[in-house]
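Novice: For reference, this is coords_16.txt, and it has compact mmCIF, C-alpha atoms.
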```
# COMPACT_ATOMS: atom_id res chain seq x y z
CA MET A 154 -39.65 13.22 -24.67
CA GLU A 155 -36.33 12.74 -22.91
CA ALA A 156 -36.28 12.65 -19.11
CA ALA A 157 -34.65 15.58 -17.38
CA GLY A 158 -30.99 14.92 -16.63
CA ALA A 159 -30.75 12.01 -19.09
CA ALA A 160 -27.47 11.84 -20.91
CA SER A 161 -27.59 12.69 -24.57
CA PRO A 162 -26.03 10.20 -26.98
CA PRO A 163 -22.36 10.76 -27.72
CA THR A 164 -21.73 12.79 -30.83
CA GLU A 165 -19.41 11.53 -33.53
CA PRO A 166 -16.42 13.69 -34.41
CA PRO A 167 -16.76 15.33 -37.82
CA PRO A 168 -15.36 13.31 -40.70
CA THR A 169 -11.74 13.94 -41.67
CA HIS A 170 -11.07 15.33 -45.14
CA PRO A 171 -9.46 12.53 -47.20
CA ALA A 172 -6.35 14.64 -47.86
CA VAL A 173 -5.90 15.25 -44.12
CA ALA A 174 -6.58 11.64 -43.06
CA PRO A 175 -2.91 10.53 -43.24
CA LEU A 176 -2.02 13.22 -40.66
CA ALA A 177 -5.05 12.59 -38.43
CA PHE A 178 -2.64 11.35 -35.75
CA LEU A 179 -1.68 15.02 -35.17
CA LEU A 180 -5.22 16.36 -34.83
CA GLY A 181 -6.27 17.66 -31.45
CA LYS A 182 -4.90 19.74 -28.62
CA TRP A 183 -1.54 18.81 -27.09
CA ARG A 184 0.07 20.17 -23.93
CA GLY A 185 3.43 19.56 -22.27
CA GLU A 186 6.90 20.85 -21.58
CA GLY A 187 10.03 21.51 -23.54
CA GLU A 188 13.54 22.80 -23.33
CA GLY A 189 15.53 25.10 -25.53
CA SER A 190 19.18 25.83 -26.05
CA PHE A 191 21.51 27.31 -28.62
CA PRO A 192 25.14 28.42 -28.48
CA THR A 193 24.15 32.10 -28.39
CA ILE A 194 21.55 31.90 -25.57
CA SER A 195 21.10 30.45 -22.10
CA SER A 196 19.19 27.15 -21.87
CA PHE A 197 15.55 27.43 -20.82
CA ARG A 198 12.46 25.33 -20.01
CA TYR A 199 8.95 26.10 -21.20
CA GLY A 200 5.36 24.93 -21.15
CA GLU A 201 3.58 24.54 -24.46
CA GLU A 202 0.23 23.99 -26.08
CA LEU A 203 -0.27 22.96 -29.72
CA LEU A 204 -3.54 22.72 -31.60
CA PHE A 205 -3.90 20.90 -34.92
CA SER A 206 -7.43 21.30 -36.29
CA HIS A 207 -9.27 21.23 -39.59
CA HIS A 208 -12.66 21.64 -41.19
CA PRO A 209 -13.88 18.50 -42.99
CA SER A 210 -14.46 20.47 -46.22
CA LYS A 211 -10.84 21.72 -46.42
CA PRO A 212 -7.73 19.70 -47.32
CA VAL A 213 -5.60 21.59 -44.80
CA ILE A 214 -4.73 21.51 -41.11
CA SER A 215 -4.70 24.72 -39.06
CA TYR A 216 -1.84 24.92 -36.58
CA THR A 217 -1.42 27.15 -33.52
CA GLN A 218 1.26 27.03 -30.86
CA LYS A 219 1.97 29.01 -27.71
CA THR A 220 4.62 28.71 -25.04
CA TRP A 221 5.19 30.13 -21.57
CA LYS A 222 8.06 30.21 -19.09
CA ALA A 223 7.97 27.01 -17.05
CA ALA A 224 8.81 28.75 -13.78
CA SER A 225 6.52 31.80 -13.96
CA GLY A 226 3.86 31.05 -16.58
CA GLU A 227 4.79 34.29 -18.37
CA PRO A 228 3.99 34.12 -22.13
CA MET A 229 6.92 33.46 -24.46
CA HIS A 230 6.60 32.49 -28.12
CA ALA A 231 3.57 31.90 -30.34
CA GLU A 232 3.10 30.87 -33.95
CA SER A 233 0.37 29.77 -36.30
CA GLY A 234 0.02 28.44 -39.79
CA TYR A 235 -1.27 25.77 -42.13
CA TRP A 236 -0.19 22.26 -43.04
CA ARG A 237 -1.24 20.88 -46.44
CA PRO A 238 -0.57 17.13 -46.84
CA ARG A 239 -0.20 15.75 -50.37
CA PRO A 240 -1.15 12.25 -51.56
CA ASP A 241 2.50 11.49 -52.43
CA GLY A 242 3.56 11.65 -48.75
CA SER A 243 4.83 15.23 -48.91
CA VAL A 244 3.53 18.15 -46.88
CA ASP A 245 3.68 21.93 -47.38
CA VAL A 246 3.72 24.09 -44.25
CA VAL A 247 3.59 27.85 -43.70
CA ILE A 248 4.17 29.30 -40.23
CA ALA A 249 4.09 32.90 -38.98
CA GLN A 250 5.88 33.48 -35.69
CA SER A 251 5.11 36.16 -33.09
CA THR A 252 8.66 37.46 -33.63
CA GLY A 253 7.74 38.48 -37.19
CA LEU A 254 9.62 35.59 -38.76
CA ALA A 255 7.81 33.55 -41.43
CA GLU A 256 8.64 30.00 -42.53
CA VAL A 257 7.79 28.10 -45.68
CA GLN A 258 8.62 24.46 -45.12
CA LYS A 259 8.40 21.34 -47.21
CA GLY A 260 8.70 17.84 -45.94
CA SER A 261 7.35 14.36 -45.77
CA TYR A 262 5.12 12.29 -43.53
CA ASP A 263 4.81 8.62 -42.74
CA ALA A 264 1.26 7.89 -41.56
CA GLU A 265 2.18 4.39 -40.41
CA LYS A 266 5.13 5.55 -38.28
CA LYS A 267 3.25 8.74 -37.32
CA THR A 268 6.16 11.01 -38.22
CA VAL A 269 6.56 14.33 -40.03
CA THR A 270 9.90 15.78 -41.12
CA LEU A 271 10.09 19.39 -42.34
CA GLN A 272 12.87 21.47 -43.89
CA SER A 273 12.69 25.23 -44.46
CA GLU A 274 12.50 26.37 -48.06
CA LEU A 275 12.32 30.00 -47.01
CA VAL A 276 12.83 31.82 -43.72
CA GLY A 277 11.42 35.29 -44.28
CA ASN A 278 11.94 38.51 -42.32
CA ALA A 279 14.92 36.97 -40.53
CA SER A 280 18.24 38.76 -40.46
CA LYS A 281 20.06 35.96 -38.60
CA VAL A 282 18.10 32.69 -39.00
CA LYS A 283 19.00 30.87 -42.20
CA GLN A 284 17.50 27.39 -41.84
CA ILE A 285 14.96 25.58 -39.65
CA THR A 286 14.07 21.89 -39.53
CA ARG A 287 11.26 20.31 -37.54
CA THR A 288 10.68 16.63 -36.80
CA PHE A 289 7.45 15.43 -35.15
CA GLN A 290 6.52 11.96 -33.94
CA VAL A 291 3.50 10.54 -32.15
CA ALA A 292 4.20 7.39 -30.11
CA ASP A 293 2.45 5.89 -27.09
CA GLY A 294 -0.07 8.75 -27.07
CA GLU A 295 2.62 11.43 -26.85
CA LEU A 296 3.75 14.00 -29.41
CA SER A 297 7.46 14.77 -29.42
CA TYR A 298 9.36 17.15 -31.64
CA VAL A 299 12.82 18.52 -32.26
CA VAL A 300 13.48 21.89 -33.92
CA GLN A 301 16.93 22.55 -35.32
CA MET A 302 18.16 25.94 -36.47
CA ALA A 303 21.07 27.47 -38.35
CA THR A 304 22.01 31.15 -38.22
CA ILE A 305 24.51 33.30 -40.07
CA THR A 306 27.12 32.36 -37.43
CA THR A 307 26.02 28.87 -36.29
CA SER A 308 25.54 25.64 -38.26
CA LEU A 309 22.33 23.59 -38.06
CA GLN A 310 21.90 22.18 -34.55
CA PRO A 311 19.19 21.35 -32.00
CA HIS A 312 17.34 24.36 -30.62
CA LEU A 313 14.03 23.09 -29.14
CA ARG A 314 12.70 19.75 -27.95
CA ALA A 315 9.37 18.96 -26.29
CA LEU A 316 7.09 16.16 -25.19
CA LEU A 317 3.32 16.77 -25.18
CA LYS A 318 0.20 14.77 -24.29
CA ARG A 319 -3.18 15.03 -25.98
CA ILE A 320 -5.69 16.87 -23.78
```
Would you mind writing the file's structure down as structure tokens?

Specialist:
Amino acid sequence: MEAAGAASPPTEPPPTHPAVAPLAFLLGKWRGEGEGSFPTISSFRYGEELLFSHHPSKPVISYTQKTWKAASGEPMHAESGYWRPRPDGSVDVVIAQSTGLAEVQKGSYDAEKKTVTLQSELVGNASKVKQITRTFQVADGELSYVVQMATITTSLQPHLRALLKRI
């Protein structure tokens, strides 16, 4: 019988599905700050939390994201979706945004460099947005990303950038 107050042995994290293993560097909860700009809007700063999770029996990563105004904490944007890595170094991503916009993205990953590059194949339910790219990198324990966007009146250019730490 274990003595009262004795620490229990540390538990091992669940195994990673082999298909997800190359993107294991993304798994976990990340929190930080970002900034946004675009020619048609005023620049802004935001706080953000990302969660990349998966069940060991599924070859897919669940993705959720939420942002809030840096100054007030008021909720801003949210999105969720799924990332499906392929053995050939490609990745398929679907994302539904709180604005009603839906993205189907294809891209590639480099497990050694801890990078993911995505390009929209389809931006659904969007009257103005025509293209979205996303680039993620994990380095020195931090996750950074850049989102670029093109609209019916503006060519592809940076829209969002953030730096997050695993929590």

Novice: Give me, please, the distance in Å between CA of Gly200 in chain A and CA of Ile248 in chain A, quoted to one decimal.

Specialist: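 We find that CA of Gly200 in chain A and CA of Ile248 in chain A lie 19.6 Å from each other.
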
Novice: Of the candidates A:Gly277, A:Pro171, A:Gly234, A:Gly294, which one gets nearest to Leu254 in chain A if we count all atoms listed in the file?

Specialist: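 Looking only at the distances to Leu254 in chain A, the closest residue turns out to be A:Gly277.
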
Novice: Residues proximal to (-3.1, 14.6, -30.6) were defined as those with any atom within 8 Å of that point in the file's coordinates, counting all atoms listed in the file. Which are they, as a list in words?

Specialist: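 Nearby residues: Phe178, Leu179, Leu180, Gly181, Lys182, Trp183, Phe205, Val291, Gly294, Glu295, Leu296, Lys318, Arg319 and Ile320 of chain A.
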
Novice: Can you list, as a count of residues only, every protein, DNA or RNA residue that comes within 9 Å of Lys266 in chain A when you count all atoms listed in the file, leaving out same-chain residues fewer than 4 positions away?

Specialist: 4

Novice: Taking into account only C-alpha atoms, which residue in the set A:Arg237, A:Lys222, A:Lys267, A:Arg184 is nearest to His170 in chain A?

Specialist: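 So, comparing all the options, the nearest one is A:Arg237.
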
Novice: Show which residues sit within 10 Å of Thr193 in chain A, as a list in words. Count all atoms listed in the file, and ignore same-chain residues fewer than 3 positions away.

Specialist: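 Skipping anything fewer than 3 positions along the chain leaves Ser190, Ser196, Thr306 and Thr307 of chain A.
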
Novice: Give me, as CSV, each residue of range 174-201 of chain A that comes within 12 Å of range 209-213 of chain A, together with its shortest interatomic pair and the distance in Å at one decimal, counting all atoms listed in the file, with rows ordered by chain and rising residue number.

Specialist:
```
residue,atom,partner,partner_atom,distance
A:Ala174,CA,A:Pro212,CA,9.2
A:Pro175,CA,A:Pro212,CA,11.1
A:Leu176,CA,A:Val213,CA,10.0
A:Ala177,CA,A:Val213,CA,11.0
A:Leu180,CA,A:Val213,CA,11.3
```

Novice: Between A:Ala255, A:Leu275, A:Ile285, A:Ala315, which is the closest to Tyr298 in chain A once you count all atoms listed in the file?

Specialist: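 Closest residue, counting all atoms listed in the file: A:Ala315.
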
Novice: Closest to Gln218 in chain A among A:Gly189, A:Ser308, A:Pro167, A:Gln250, using only C-alpha atoms?

Specialist: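 Of the candidates, the smallest distance to Gln218 in chain A is held by A:Gln250.
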
Novice: Set the distance at 12 Å and use all atoms listed in the file: which residues neighbour Gln284 in chain A once local chain neighbours fewer than 3 positions away are removed? I'd like the list as a PyMOL selection string.

Specialist: chain A and resi 254-258+271-277+279-281+287+300-312

Novice: When you get a chance, write out all heavy atoms for range 253-264 of chain A, as a PDB file, keeping the file's coordinate frame.

Specialist:
```pdb
ATOM      1  N   GLY A 253       7.755  37.866 -35.866  1.00  0.00           N
ATOM      2  CA  GLY A 253       7.740  38.480 -37.190  1.00  0.00           C
ATOM      3  C   GLY A 253       8.364  37.586 -38.246  1.00  0.00           C
ATOM      4  O   GLY A 253       8.270  37.861 -39.436  1.00  0.00           O
ATOM      5  N   LEU A 254       8.991  36.516 -37.832  1.00  0.00           N
ATOM      6  CA  LEU A 254       9.620  35.590 -38.760  1.00  0.00           C
ATOM      7  C   LEU A 254       8.552  34.722 -39.426  1.00  0.00           C
ATOM      8  O   LEU A 254       7.558  34.355 -38.789  1.00  0.00           O
ATOM      9  CB  LEU A 254      10.591  34.702 -37.965  1.00  0.00           C
ATOM     10  CG  LEU A 254      11.514  33.797 -38.750  1.00  0.00           C
ATOM     11  CD1 LEU A 254      12.910  33.879 -38.143  1.00  0.00           C
ATOM     12  CD2 LEU A 254      11.019  32.381 -38.670  1.00  0.00           C
ATOM     13  N   ALA A 255       8.733  34.416 -40.699  1.00  0.00           N
ATOM     14  CA  ALA A 255       7.810  33.550 -41.430  1.00  0.00           C
ATOM     15  C   ALA A 255       8.586  32.395 -42.044  1.00  0.00           C
ATOM     16  O   ALA A 255       9.691  32.580 -42.541  1.00  0.00           O
ATOM     17  CB  ALA A 255       7.101  34.333 -42.527  1.00  0.00           C
ATOM     18  N   GLU A 256       8.002  31.199 -41.982  1.00  0.00           N
ATOM     19  CA  GLU A 256       8.640  30.000 -42.530  1.00  0.00           C
ATOM     20  C   GLU A 256       7.776  29.386 -43.615  1.00  0.00           C
ATOM     21  O   GLU A 256       6.565  29.276 -43.450  1.00  0.00           O
ATOM     22  CB  GLU A 256       8.812  28.932 -41.456  1.00  0.00           C
ATOM     23  CG  GLU A 256       9.680  29.290 -40.297  1.00  0.00           C
ATOM     24  CD  GLU A 256       9.659  28.182 -39.245  1.00  0.00           C
ATOM     25  OE1 GLU A 256       9.969  27.020 -39.586  1.00  0.00           O
ATOM     26  OE2 GLU A 256       9.289  28.487 -38.099  1.00  0.00           O
ATOM     27  N   VAL A 257       8.410  28.968 -44.694  1.00  0.00           N
ATOM     28  CA  VAL A 257       7.790  28.100 -45.680  1.00  0.00           C
ATOM     29  C   VAL A 257       8.597  26.820 -45.619  1.00  0.00           C
ATOM     30  O   VAL A 257       9.816  26.843 -45.821  1.00  0.00           O
ATOM     31  CB  VAL A 257       7.829  28.704 -47.094  1.00  0.00           C
ATOM     32  CG1 VAL A 257       7.286  27.709 -48.113  1.00  0.00           C
ATOM     33  CG2 VAL A 257       7.057  30.017 -47.142  1.00  0.00           C
ATOM     34  N   GLN A 258       7.927  25.727 -45.276  1.00  0.00           N
ATOM     35  CA  GLN A 258       8.620  24.460 -45.120  1.00  0.00           C
ATOM     36  C   GLN A 258       8.000  23.405 -46.014  1.00  0.00           C
ATOM     37  O   GLN A 258       6.804  23.435 -46.289  1.00  0.00           O
ATOM     38  CB  GLN A 258       8.554  23.984 -43.665  1.00  0.00           C
ATOM     39  CG  GLN A 258       9.244  24.943 -42.724  1.00  0.00           C
ATOM     40  CD  GLN A 258       9.569  24.304 -41.396  1.00  0.00           C
ATOM     41  OE1 GLN A 258       8.844  23.451 -40.908  1.00  0.00           O
ATOM     42  NE2 GLN A 258      10.675  24.713 -40.819  1.00  0.00           N
ATOM     43  N   LYS A 259       8.851  22.499 -46.459  1.00  0.00           N
ATOM     44  CA  LYS A 259       8.400  21.340 -47.210  1.00  0.00           C
ATOM     45  C   LYS A 259       8.943  20.121 -46.487  1.00  0.00           C
ATOM     46  O   LYS A 259       9.980  20.195 -45.833  1.00  0.00           O
ATOM     47  CB  LYS A 259       8.902  21.386 -48.642  1.00  0.00           C
ATOM     48  CG  LYS A 259       8.304  22.535 -49.423  1.00  0.00           C
ATOM     49  CD  LYS A 259       8.335  22.289 -50.892  1.00  0.00           C
ATOM     50  CE  LYS A 259       7.708  23.440 -51.641  1.00  0.00           C
ATOM     51  NZ  LYS A 259       6.308  23.270 -51.853  1.00  0.00           N
ATOM     52  N   GLY A 260       8.221  19.029 -46.610  1.00  0.00           N
ATOM     53  CA  GLY A 260       8.700  17.840 -45.940  1.00  0.00           C
ATOM     54  C   GLY A 260       7.944  16.621 -46.351  1.00  0.00           C
ATOM     55  O   GLY A 260       7.307  16.580 -47.410  1.00  0.00           O
ATOM     56  N   SER A 261       8.006  15.623 -45.480  1.00  0.00           N
ATOM     57  CA  SER A 261       7.350  14.360 -45.770  1.00  0.00           C
ATOM     58  C   SER A 261       6.713  13.830 -44.486  1.00  0.00           C
ATOM     59  O   SER A 261       7.079  14.245 -43.387  1.00  0.00           O
ATOM     60  CB  SER A 261       8.367  13.344 -46.308  1.00  0.00           C
ATOM     61  OG  SER A 261       9.381  13.118 -45.351  1.00  0.00           O
ATOM     62  N   TYR A 262       5.758  12.929 -44.676  1.00  0.00           N
ATOM     63  CA  TYR A 262       5.120  12.290 -43.530  1.00  0.00           C
ATOM     64  C   TYR A 262       5.059  10.795 -43.775  1.00  0.00           C
ATOM     65  O   TYR A 262       5.083  10.329 -44.915  1.00  0.00           O
ATOM     66  CB  TYR A 262       3.723  12.853 -43.261  1.00  0.00           C
ATOM     67  CG  TYR A 262       2.731  12.648 -44.376  1.00  0.00           C
ATOM     68  CD1 TYR A 262       2.005  11.462 -44.480  1.00  0.00           C
ATOM     69  CD2 TYR A 262       2.504  13.635 -45.323  1.00  0.00           C
ATOM     70  CE1 TYR A 262       1.084  11.265 -45.493  1.00  0.00           C
ATOM     71  CE2 TYR A 262       1.580  13.446 -46.341  1.00  0.00           C
ATOM     72  CZ  TYR A 262       0.889  12.262 -46.424  1.00  0.00           C
ATOM     73  OH  TYR A 262      -0.020  12.070 -47.431  1.00  0.00           O
ATOM     74  N   ASP A 263       5.006  10.057 -42.695  1.00  0.00           N
ATOM     75  CA  ASP A 263       4.810   8.620 -42.740  1.00  0.00           C
ATOM     76  C   ASP A 263       3.647   8.324 -41.794  1.00  0.00           C
ATOM     77  O   ASP A 263       3.816   8.372 -40.571  1.00  0.00           O
ATOM     78  CB  ASP A 263       6.075   7.887 -42.298  1.00  0.00           C
ATOM     79  CG  ASP A 263       5.964   6.375 -42.424  1.00  0.00           C
ATOM     80  OD1 ASP A 263       4.862   5.829 -42.165  1.00  0.00           O
ATOM     81  OD2 ASP A 263       6.977   5.741 -42.753  1.00  0.00           O
ATOM     82  N   ALA A 264       2.465   8.092 -42.366  1.00  0.00           N
ATOM     83  CA  ALA A 264       1.260   7.890 -41.560  1.00  0.00           C
ATOM     84  C   ALA A 264       1.369   6.648 -40.684  1.00  0.00           C
ATOM     85  O   ALA A 264       0.871   6.638 -39.561  1.00  0.00           O
ATOM     86  CB  ALA A 264       0.032   7.799 -42.466  1.00  0.00           C
TER      87      ALA A 264
END
```
